[in-house]
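Engineer: For reference, the file final-v5.txt (compact mmCIF, N, CA and C atoms) is included below:
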```txt
# COMPACT_ATOMS: atom_id res chain seq x y z
N MET A 24 -85.56 -109.56 -0.55
CA MET A 24 -86.33 -108.43 -0.98
C MET A 24 -86.63 -107.51 0.21
N LEU A 25 -86.94 -108.10 1.36
CA LEU A 25 -87.21 -107.30 2.54
C LEU A 25 -85.96 -106.53 2.97
N HIS A 26 -84.81 -107.17 2.81
CA HIS A 26 -83.55 -106.52 3.16
C HIS A 26 -83.34 -105.28 2.29
N ASN A 27 -83.61 -105.39 1.00
CA ASN A 27 -83.44 -104.25 0.09
C ASN A 27 -84.43 -103.13 0.43
N MET A 28 -85.66 -103.50 0.74
CA MET A 28 -86.66 -102.48 1.09
C MET A 28 -86.25 -101.76 2.38
N LEU A 29 -85.74 -102.51 3.34
CA LEU A 29 -85.29 -101.92 4.59
C LEU A 29 -84.11 -100.97 4.34
N LYS A 30 -83.18 -101.41 3.50
CA LYS A 30 -82.02 -100.59 3.19
C LYS A 30 -82.43 -99.29 2.51
N TRP A 31 -83.33 -99.38 1.53
CA TRP A 31 -83.79 -98.18 0.83
C TRP A 31 -84.62 -97.29 1.75
N GLY A 32 -85.36 -97.90 2.65
CA GLY A 32 -86.13 -97.11 3.61
C GLY A 32 -85.23 -96.31 4.54
N VAL A 33 -84.16 -96.94 5.00
CA VAL A 33 -83.21 -96.23 5.86
C VAL A 33 -82.53 -95.10 5.08
N LEU A 34 -82.12 -95.39 3.86
CA LEU A 34 -81.49 -94.35 3.03
C LEU A 34 -82.46 -93.20 2.76
N LEU A 35 -83.72 -93.51 2.50
CA LEU A 35 -84.71 -92.46 2.26
C LEU A 35 -84.93 -91.63 3.52
N GLY A 36 -84.96 -92.28 4.66
CA GLY A 36 -85.11 -91.54 5.92
C GLY A 36 -83.93 -90.61 6.18
N ILE A 37 -82.73 -91.09 5.92
CA ILE A 37 -81.54 -90.25 6.07
C ILE A 37 -81.58 -89.09 5.09
N TRP A 38 -81.98 -89.37 3.85
CA TRP A 38 -82.03 -88.31 2.84
C TRP A 38 -83.06 -87.24 3.21
N ARG A 39 -84.22 -87.67 3.71
CA ARG A 39 -85.24 -86.69 4.10
C ARG A 39 -84.77 -85.83 5.26
N ARG A 40 -84.06 -86.42 6.19
CA ARG A 40 -83.61 -85.67 7.37
C ARG A 40 -82.41 -84.78 7.05
N TYR A 41 -81.42 -85.32 6.33
CA TYR A 41 -80.17 -84.60 6.11
C TYR A 41 -79.93 -84.24 4.64
N GLY A 42 -80.96 -84.27 3.81
CA GLY A 42 -80.80 -84.04 2.37
C GLY A 42 -80.23 -82.69 2.04
N ALA A 43 -80.69 -81.64 2.71
CA ALA A 43 -80.20 -80.30 2.41
C ALA A 43 -78.71 -80.19 2.72
N ALA A 44 -78.28 -80.80 3.81
CA ALA A 44 -76.87 -80.75 4.18
C ALA A 44 -76.03 -81.61 3.22
N LEU A 45 -76.57 -82.72 2.78
CA LEU A 45 -75.83 -83.60 1.89
C LEU A 45 -75.70 -83.02 0.48
N LYS A 46 -76.66 -82.19 0.07
CA LYS A 46 -76.58 -81.58 -1.26
C LYS A 46 -75.45 -80.55 -1.34
N VAL A 47 -75.14 -79.90 -0.22
CA VAL A 47 -74.11 -78.87 -0.20
C VAL A 47 -72.72 -79.48 0.05
N LEU A 48 -72.67 -80.66 0.60
CA LEU A 48 -71.40 -81.29 0.95
C LEU A 48 -70.44 -81.43 -0.24
N PRO A 49 -70.87 -81.85 -1.45
CA PRO A 49 -69.93 -81.90 -2.57
C PRO A 49 -69.32 -80.54 -2.89
N PHE A 50 -70.09 -79.48 -2.79
CA PHE A 50 -69.56 -78.14 -3.03
C PHE A 50 -68.47 -77.81 -2.01
N VAL A 51 -68.71 -78.15 -0.75
CA VAL A 51 -67.73 -77.88 0.30
C VAL A 51 -66.46 -78.68 0.06
N LEU A 52 -66.61 -79.95 -0.32
CA LEU A 52 -65.43 -80.78 -0.58
C LEU A 52 -64.64 -80.27 -1.77
N ILE A 53 -65.31 -79.83 -2.82
CA ILE A 53 -64.61 -79.26 -3.99
C ILE A 53 -63.90 -77.98 -3.59
N LEU A 54 -64.54 -77.16 -2.76
CA LEU A 54 -63.92 -75.93 -2.30
C LEU A 54 -62.66 -76.23 -1.48
N LEU A 55 -62.72 -77.23 -0.61
CA LEU A 55 -61.53 -77.62 0.15
C LEU A 55 -60.43 -78.15 -0.76
N LEU A 56 -60.81 -78.91 -1.77
CA LEU A 56 -59.83 -79.41 -2.73
C LEU A 56 -59.14 -78.25 -3.46
N VAL A 57 -59.90 -77.24 -3.83
CA VAL A 57 -59.33 -76.06 -4.49
C VAL A 57 -58.38 -75.34 -3.54
N ILE A 58 -58.75 -75.21 -2.28
CA ILE A 58 -57.88 -74.54 -1.31
C ILE A 58 -56.56 -75.28 -1.18
N PHE A 59 -56.61 -76.60 -1.04
CA PHE A 59 -55.38 -77.38 -0.93
C PHE A 59 -54.54 -77.29 -2.20
N SER A 60 -55.20 -77.31 -3.35
CA SER A 60 -54.48 -77.24 -4.62
C SER A 60 -53.79 -75.89 -4.80
N VAL A 61 -54.49 -74.81 -4.49
CA VAL A 61 -53.89 -73.48 -4.62
C VAL A 61 -52.73 -73.33 -3.66
N HIS A 62 -52.87 -73.82 -2.44
CA HIS A 62 -51.77 -73.72 -1.48
C HIS A 62 -50.58 -74.56 -1.92
N ASN A 63 -50.85 -75.73 -2.46
CA ASN A 63 -49.76 -76.57 -2.96
C ASN A 63 -49.04 -75.88 -4.12
N ASP A 64 -49.78 -75.24 -5.01
CA ASP A 64 -49.15 -74.49 -6.11
C ASP A 64 -48.30 -73.35 -5.56
N TYR A 65 -48.78 -72.67 -4.53
CA TYR A 65 -48.00 -71.59 -3.93
C TYR A 65 -46.72 -72.14 -3.30
N LEU A 66 -46.80 -73.30 -2.64
CA LEU A 66 -45.60 -73.89 -2.05
C LEU A 66 -44.59 -74.26 -3.13
N ASN A 67 -45.05 -74.79 -4.28
CA ASN A 67 -44.15 -75.09 -5.39
C ASN A 67 -43.53 -73.81 -5.94
N TYR A 68 -44.30 -72.73 -6.02
CA TYR A 68 -43.80 -71.45 -6.50
C TYR A 68 -42.71 -70.92 -5.56
N VAL A 69 -42.95 -71.05 -4.24
CA VAL A 69 -41.96 -70.59 -3.26
C VAL A 69 -40.69 -71.42 -3.36
N LYS A 70 -40.84 -72.73 -3.60
CA LYS A 70 -39.68 -73.61 -3.70
C LYS A 70 -38.82 -73.23 -4.90
N VAL A 71 -39.46 -72.90 -6.02
CA VAL A 71 -38.72 -72.54 -7.23
C VAL A 71 -38.10 -71.15 -7.08
N GLY A 72 -38.87 -70.22 -6.55
CA GLY A 72 -38.40 -68.84 -6.45
C GLY A 72 -37.53 -68.57 -5.24
N GLU A 73 -37.53 -69.46 -4.28
CA GLU A 73 -36.76 -69.36 -3.04
C GLU A 73 -37.02 -68.05 -2.29
N ASP A 74 -38.26 -67.54 -2.40
CA ASP A 74 -38.67 -66.36 -1.65
C ASP A 74 -39.65 -66.83 -0.58
N GLN A 75 -39.17 -66.99 0.64
CA GLN A 75 -39.98 -67.59 1.69
C GLN A 75 -40.48 -66.58 2.71
N ARG A 76 -40.64 -65.31 2.31
CA ARG A 76 -41.09 -64.28 3.24
C ARG A 76 -42.52 -64.53 3.70
N HIS A 77 -43.39 -64.96 2.81
CA HIS A 77 -44.81 -65.10 3.13
C HIS A 77 -45.25 -66.55 3.32
N LEU A 78 -44.29 -67.42 3.56
CA LEU A 78 -44.62 -68.84 3.68
C LEU A 78 -45.49 -69.11 4.92
N ALA A 79 -45.13 -68.56 6.06
CA ALA A 79 -45.92 -68.77 7.29
C ALA A 79 -47.31 -68.16 7.13
N LEU A 80 -47.39 -67.00 6.49
CA LEU A 80 -48.67 -66.35 6.27
C LEU A 80 -49.58 -67.20 5.38
N SER A 81 -48.97 -67.90 4.41
CA SER A 81 -49.78 -68.74 3.52
C SER A 81 -50.45 -69.88 4.28
N PHE A 82 -49.73 -70.45 5.26
CA PHE A 82 -50.33 -71.51 6.08
C PHE A 82 -51.44 -70.95 6.98
N VAL A 83 -51.25 -69.76 7.51
CA VAL A 83 -52.28 -69.14 8.35
C VAL A 83 -53.52 -68.85 7.52
N VAL A 84 -53.33 -68.33 6.31
CA VAL A 84 -54.46 -68.03 5.44
C VAL A 84 -55.17 -69.32 5.03
N LYS A 85 -54.39 -70.34 4.68
CA LYS A 85 -54.99 -71.62 4.27
C LYS A 85 -55.86 -72.19 5.38
N TRP A 86 -55.33 -72.28 6.60
CA TRP A 86 -56.11 -72.86 7.68
C TRP A 86 -57.24 -71.94 8.14
N GLY A 87 -57.06 -70.65 7.99
CA GLY A 87 -58.14 -69.72 8.28
C GLY A 87 -59.31 -69.92 7.34
N VAL A 88 -59.02 -70.08 6.05
CA VAL A 88 -60.08 -70.30 5.06
C VAL A 88 -60.75 -71.66 5.29
N ILE A 89 -59.96 -72.67 5.65
CA ILE A 89 -60.54 -74.00 5.91
C ILE A 89 -61.47 -73.93 7.12
N VAL A 90 -61.05 -73.26 8.17
CA VAL A 90 -61.90 -73.12 9.36
C VAL A 90 -63.15 -72.32 9.02
N LEU A 91 -63.01 -71.27 8.21
CA LEU A 91 -64.16 -70.47 7.81
C LEU A 91 -65.17 -71.29 7.00
N VAL A 92 -64.68 -72.08 6.05
CA VAL A 92 -65.57 -72.94 5.26
C VAL A 92 -66.27 -73.96 6.16
N GLY A 93 -65.52 -74.55 7.07
CA GLY A 93 -66.12 -75.52 8.00
C GLY A 93 -67.17 -74.87 8.89
N PHE A 94 -66.88 -73.68 9.39
CA PHE A 94 -67.83 -72.98 10.24
C PHE A 94 -69.09 -72.61 9.46
N LEU A 95 -68.95 -72.12 8.24
CA LEU A 95 -70.11 -71.74 7.44
C LEU A 95 -70.96 -72.97 7.10
N TYR A 96 -70.31 -74.10 6.80
CA TYR A 96 -71.05 -75.32 6.53
C TYR A 96 -71.80 -75.78 7.78
N TRP A 97 -71.13 -75.71 8.93
CA TRP A 97 -71.77 -76.10 10.19
C TRP A 97 -72.99 -75.24 10.47
N ARG A 98 -72.87 -73.92 10.27
CA ARG A 98 -74.00 -73.01 10.48
C ARG A 98 -75.15 -73.32 9.52
N TYR A 99 -74.80 -73.61 8.25
CA TYR A 99 -75.82 -73.93 7.25
C TYR A 99 -76.57 -75.20 7.66
N VAL A 100 -75.83 -76.21 8.07
CA VAL A 100 -76.46 -77.48 8.46
C VAL A 100 -77.32 -77.28 9.70
N LYS A 101 -76.82 -76.54 10.66
CA LYS A 101 -77.58 -76.29 11.88
C LYS A 101 -78.87 -75.55 11.57
N ARG A 102 -78.79 -74.55 10.70
CA ARG A 102 -79.98 -73.77 10.36
C ARG A 102 -80.99 -74.60 9.58
N THR A 103 -80.53 -75.39 8.61
CA THR A 103 -81.48 -76.18 7.82
C THR A 103 -82.11 -77.29 8.65
N LEU A 104 -81.35 -77.90 9.54
CA LEU A 104 -81.92 -78.95 10.38
C LEU A 104 -82.91 -78.37 11.37
N SER A 105 -82.64 -77.18 11.90
CA SER A 105 -83.60 -76.58 12.82
C SER A 105 -84.86 -76.17 12.08
N ARG A 106 -84.73 -75.72 10.85
CA ARG A 106 -85.91 -75.37 10.06
C ARG A 106 -86.74 -76.61 9.75
N SER A 107 -86.07 -77.71 9.40
CA SER A 107 -86.82 -78.91 9.07
C SER A 107 -87.51 -79.49 10.30
N SER A 108 -86.88 -79.40 11.46
CA SER A 108 -87.54 -79.90 12.67
C SER A 108 -88.66 -78.97 13.09
N ASP A 109 -88.52 -77.65 12.87
CA ASP A 109 -89.60 -76.72 13.17
C ASP A 109 -90.78 -76.96 12.25
N ALA A 110 -90.52 -77.30 10.99
CA ALA A 110 -91.60 -77.53 10.04
C ALA A 110 -92.40 -78.77 10.41
N THR A 111 -91.76 -79.76 11.00
CA THR A 111 -92.49 -80.95 11.39
C THR A 111 -93.27 -80.73 12.69
N VAL A 112 -92.79 -79.83 13.53
CA VAL A 112 -93.46 -79.59 14.80
C VAL A 112 -94.64 -78.64 14.63
N ARG A 113 -94.43 -77.53 13.92
CA ARG A 113 -95.48 -76.54 13.76
C ARG A 113 -96.25 -76.79 12.47
N PRO A 114 -97.57 -76.80 12.54
CA PRO A 114 -98.35 -76.95 11.31
C PRO A 114 -98.27 -75.67 10.49
N ALA A 115 -98.43 -75.83 9.18
CA ALA A 115 -98.39 -74.68 8.29
C ALA A 115 -99.64 -73.84 8.49
N ARG A 116 -99.45 -72.53 8.47
CA ARG A 116 -100.60 -71.63 8.63
C ARG A 116 -101.21 -71.37 7.28
N SER A 117 -102.52 -71.24 7.28
CA SER A 117 -103.20 -70.94 6.03
C SER A 117 -103.05 -69.47 5.72
N GLY A 118 -103.36 -69.08 4.52
CA GLY A 118 -103.23 -67.69 4.10
C GLY A 118 -104.31 -66.81 4.68
N ARG A 119 -105.35 -67.40 5.25
CA ARG A 119 -106.45 -66.60 5.81
C ARG A 119 -106.03 -66.00 7.15
N GLY A 120 -106.68 -64.93 7.51
CA GLY A 120 -106.40 -64.30 8.80
C GLY A 120 -106.20 -62.82 8.60
N ARG A 121 -105.51 -62.24 9.53
CA ARG A 121 -105.27 -60.80 9.46
C ARG A 121 -104.19 -60.50 8.42
N PRO A 122 -104.29 -59.32 7.81
CA PRO A 122 -103.20 -58.92 6.93
C PRO A 122 -101.94 -58.65 7.74
N ARG A 123 -100.81 -58.68 7.06
CA ARG A 123 -99.55 -58.45 7.75
C ARG A 123 -99.54 -57.07 8.36
N GLY A 124 -98.97 -56.98 9.54
CA GLY A 124 -98.85 -55.70 10.21
C GLY A 124 -100.06 -55.34 11.03
N ALA A 125 -101.16 -56.07 10.92
CA ALA A 125 -102.35 -55.76 11.70
C ALA A 125 -102.13 -56.20 13.13
N GLU A 126 -102.49 -55.33 14.06
CA GLU A 126 -102.29 -55.65 15.46
C GLU A 126 -103.42 -56.54 15.97
N THR A 127 -103.08 -57.38 16.93
CA THR A 127 -104.07 -58.27 17.52
C THR A 127 -104.72 -57.56 18.69
N PRO A 128 -106.03 -57.40 18.66
CA PRO A 128 -106.69 -56.80 19.82
C PRO A 128 -106.54 -57.70 21.03
N GLU A 129 -106.56 -57.11 22.22
CA GLU A 129 -106.36 -57.90 23.43
C GLU A 129 -107.46 -58.92 23.63
N SER A 130 -108.68 -58.60 23.16
CA SER A 130 -109.78 -59.54 23.35
C SER A 130 -109.61 -60.78 22.47
N GLU A 131 -108.89 -60.64 21.35
CA GLU A 131 -108.68 -61.77 20.46
C GLU A 131 -107.33 -62.43 20.64
N ALA A 132 -106.56 -62.00 21.62
CA ALA A 132 -105.23 -62.57 21.84
C ALA A 132 -105.38 -64.04 22.19
N PRO A 133 -104.50 -64.89 21.64
CA PRO A 133 -104.62 -66.32 21.93
C PRO A 133 -104.33 -66.59 23.40
N THR A 134 -105.13 -67.46 23.96
CA THR A 134 -104.96 -67.83 25.36
C THR A 134 -104.62 -69.31 25.43
N GLU A 135 -104.03 -69.69 26.54
CA GLU A 135 -103.62 -71.07 26.74
C GLU A 135 -104.75 -71.86 27.38
N VAL A 136 -105.83 -72.07 26.65
CA VAL A 136 -106.97 -72.83 27.16
C VAL A 136 -106.93 -74.20 26.50
N GLU A 137 -107.01 -75.25 27.32
CA GLU A 137 -107.03 -76.60 26.75
C GLU A 137 -108.40 -76.87 26.19
N GLN A 138 -108.43 -77.26 24.95
CA GLN A 138 -109.70 -77.59 24.31
C GLN A 138 -109.91 -79.09 24.41
N PRO A 139 -111.17 -79.51 24.48
CA PRO A 139 -111.42 -80.95 24.59
C PRO A 139 -110.94 -81.68 23.32
N ASP A 140 -110.46 -82.87 23.52
CA ASP A 140 -109.97 -83.68 22.41
C ASP A 140 -111.15 -84.27 21.66
N PRO A 141 -111.33 -83.93 20.36
CA PRO A 141 -112.49 -84.44 19.63
C PRO A 141 -112.42 -85.94 19.36
N PHE A 142 -111.24 -86.54 19.50
CA PHE A 142 -111.10 -87.96 19.21
C PHE A 142 -110.98 -88.80 20.48
N ALA A 143 -111.22 -88.20 21.63
CA ALA A 143 -111.07 -88.93 22.89
C ALA A 143 -112.03 -90.11 22.97
N ASN A 144 -113.29 -89.92 22.50
CA ASN A 144 -114.25 -91.02 22.59
C ASN A 144 -113.84 -92.19 21.68
N ILE A 145 -113.19 -91.90 20.57
CA ILE A 145 -112.74 -92.98 19.69
C ILE A 145 -111.58 -93.73 20.32
N ARG A 146 -110.68 -93.02 20.96
CA ARG A 146 -109.54 -93.68 21.60
C ARG A 146 -109.97 -94.57 22.76
N ASP A 147 -111.06 -94.20 23.43
CA ASP A 147 -111.51 -94.95 24.59
C ASP A 147 -112.35 -96.18 24.23
N LYS A 148 -112.78 -96.29 22.98
CA LYS A 148 -113.59 -97.45 22.58
C LYS A 148 -112.73 -98.71 22.63
N LYS A 149 -113.37 -99.81 23.05
CA LYS A 149 -112.64 -101.06 23.11
C LYS A 149 -112.54 -101.73 21.75
N HIS A 150 -113.57 -101.54 20.92
CA HIS A 150 -113.57 -102.18 19.61
C HIS A 150 -114.06 -101.18 18.57
N LEU A 151 -113.25 -100.95 17.56
CA LEU A 151 -113.63 -100.08 16.46
C LEU A 151 -114.13 -100.96 15.32
N ARG A 152 -115.22 -100.55 14.69
CA ARG A 152 -115.77 -101.35 13.60
C ARG A 152 -115.03 -101.04 12.31
N SER A 153 -114.72 -102.10 11.59
CA SER A 153 -114.01 -101.93 10.32
C SER A 153 -115.02 -101.70 9.20
N ARG A 154 -114.50 -101.40 8.02
CA ARG A 154 -115.37 -101.18 6.86
C ARG A 154 -116.12 -102.46 6.51
N ALA A 155 -115.48 -103.61 6.68
CA ALA A 155 -116.14 -104.89 6.38
C ALA A 155 -117.32 -105.11 7.33
N GLU A 156 -117.16 -104.76 8.59
CA GLU A 156 -118.26 -104.90 9.54
C GLU A 156 -119.42 -103.98 9.18
N TRP A 157 -119.13 -102.79 8.67
CA TRP A 157 -120.18 -101.88 8.22
C TRP A 157 -120.97 -102.49 7.07
N VAL A 158 -120.26 -103.09 6.11
CA VAL A 158 -120.91 -103.67 4.94
C VAL A 158 -121.81 -104.84 5.36
N ILE A 159 -121.31 -105.70 6.23
CA ILE A 159 -122.09 -106.85 6.70
C ILE A 159 -123.34 -106.36 7.44
N GLU A 160 -123.19 -105.34 8.23
CA GLU A 160 -124.32 -104.80 8.99
C GLU A 160 -125.36 -104.21 8.06
N LYS A 161 -124.95 -103.55 6.98
CA LYS A 161 -125.89 -102.98 6.02
C LYS A 161 -126.67 -104.08 5.30
N LYS A 162 -125.97 -105.17 4.97
CA LYS A 162 -126.63 -106.26 4.25
C LYS A 162 -127.66 -106.97 5.14
N LYS A 163 -127.47 -106.97 6.43
CA LYS A 163 -128.43 -107.60 7.33
C LYS A 163 -129.75 -106.82 7.36
N HIS A 164 -129.70 -105.54 7.16
CA HIS A 164 -130.91 -104.71 7.25
C HIS A 164 -131.55 -104.57 5.93
```
Kindly transcribe the structure held in the file into structure tokens.

Structural biologist:
Amino acid sequence: MLHNMLKWGVLLGIWRRYGAALKVLPFVLILLLVIFSVHNDYLNYVKVGEDQRHLALSFVVKWGVIVLVGFLYWRYVKRTLSRSSDATVRPARSGRGRPRGAETPESEAPTEVEQPDPFANIRDKKHLRSRAEWVIEKKKH
């Protein structure tokens, strides 16, 4: 059972990270299949008609379209992965604040001032009390 949970956890992690790219992959594969099929039909047409004037051009066009599809898929994957990593790094902004297009006055411009960590005292404690310890302490009083 643990093995199955681990396997599904890994698959879920991969899907969350690369899901957008994996959803488009079947479309790309079908498109490549169509390109190969159309080119194969053209080669059969040339074989029957024995008109080989544009045969070399057909191979150039075929590989040009394949490279174009591959490049567009690569750009799509790169863009979606960078967006997903940016979304995890930057917190979402709330709708409150200045309206769009409003300029920021120099006095309100964000500055790089380190603010004190509000949880520093909790991290430095040697022992944190659990909920059970709170309940026992309440019953004593």

Engineer: Interatomic distance between atom CA of A:Val57 and atom C of A:Leu80?

Structural biologist: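 Separation between atom CA of A:Val57 and atom C of A:Leu80: 16.5 Å.
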
Engineer: Can you measure atom N of A:Leu56 to atom CA of A:Leu78 for me? One decimal in Å is fine.

Structural biologist: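 It comes out at 19.8 Å.
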
Engineer: Any idea what the distance is between atom CA of A:Tyr65 and atom C of A:Ser81?

Structural biologist: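 Computed distance, atom CA of A:Tyr65 to atom C of A:Ser81, equals 8.7 Å.
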
Engineer: I need the residue nearest A:Val100 from this list: A:Val61, A:Leu54, A:Val158, A:Ala44. Use only N, CA and C atoms for the distance.

Structural biologist: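 Among the listed residues, A:Ala44 lies closest to A:Val100.
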
Engineer: Skipping near chain neighbours, those fewer than 3 positions away, what residues fall within 12 Å of A:Phe59 using only C-alpha atoms, listed as a PyMOL selection string?

Structural biologist: chain A and resi 52-56+62-66+81-82+84-86+88-89

Engineer: Would you save the residues of that selection, restricted to N, CA and C atoms, as a tab-separated table (two decimals), in the coordinates of the input?

Structural biologist:
```tsv
chain	number	residue	atom	x	y	z
A	52	LEU	N	-66.61	-79.95	-0.32
A	52	LEU	CA	-65.43	-80.78	-0.58
A	52	LEU	C	-64.64	-80.27	-1.77
A	53	ILE	N	-65.31	-79.83	-2.82
A	53	ILE	CA	-64.61	-79.26	-3.99
A	53	ILE	C	-63.90	-77.98	-3.59
A	54	LEU	N	-64.54	-77.16	-2.76
A	54	LEU	CA	-63.92	-75.93	-2.30
A	54	LEU	C	-62.66	-76.23	-1.48
A	55	LEU	N	-62.72	-77.23	-0.61
A	55	LEU	CA	-61.53	-77.62	0.15
A	55	LEU	C	-60.43	-78.15	-0.76
A	56	LEU	N	-60.81	-78.91	-1.77
A	56	LEU	CA	-59.83	-79.41	-2.73
A	56	LEU	C	-59.14	-78.25	-3.46
A	62	HIS	N	-52.87	-73.82	-2.44
A	62	HIS	CA	-51.77	-73.72	-1.48
A	62	HIS	C	-50.58	-74.56	-1.92
A	63	ASN	N	-50.85	-75.73	-2.46
A	63	ASN	CA	-49.76	-76.57	-2.96
A	63	ASN	C	-49.04	-75.88	-4.12
A	64	ASP	N	-49.78	-75.24	-5.01
A	64	ASP	CA	-49.15	-74.49	-6.11
A	64	ASP	C	-48.30	-73.35	-5.56
A	65	TYR	N	-48.78	-72.67	-4.53
A	65	TYR	CA	-48.00	-71.59	-3.93
A	65	TYR	C	-46.72	-72.14	-3.30
A	66	LEU	N	-46.80	-73.30	-2.64
A	66	LEU	CA	-45.60	-73.89	-2.05
A	66	LEU	C	-44.59	-74.26	-3.13
A	81	SER	N	-48.97	-67.90	4.41
A	81	SER	CA	-49.78	-68.74	3.52
A	81	SER	C	-50.45	-69.88	4.28
A	82	PHE	N	-49.73	-70.45	5.26
A	82	PHE	CA	-50.33	-71.51	6.08
A	82	PHE	C	-51.44	-70.95	6.98
A	84	VAL	N	-53.33	-68.33	6.31
A	84	VAL	CA	-54.46	-68.03	5.44
A	84	VAL	C	-55.17	-69.32	5.03
A	85	LYS	N	-54.39	-70.34	4.68
A	85	LYS	CA	-54.99	-71.62	4.27
A	85	LYS	C	-55.86	-72.19	5.38
A	86	TRP	N	-55.33	-72.28	6.60
A	86	TRP	CA	-56.11	-72.86	7.68
A	86	TRP	C	-57.24	-71.94	8.14
A	88	VAL	N	-59.02	-70.08	6.05
A	88	VAL	CA	-60.08	-70.30	5.06
A	88	VAL	C	-60.75	-71.66	5.29
A	89	ILE	N	-59.96	-72.67	5.65
A	89	ILE	CA	-60.54	-74.00	5.91
A	89	ILE	C	-61.47	-73.93	7.12
```
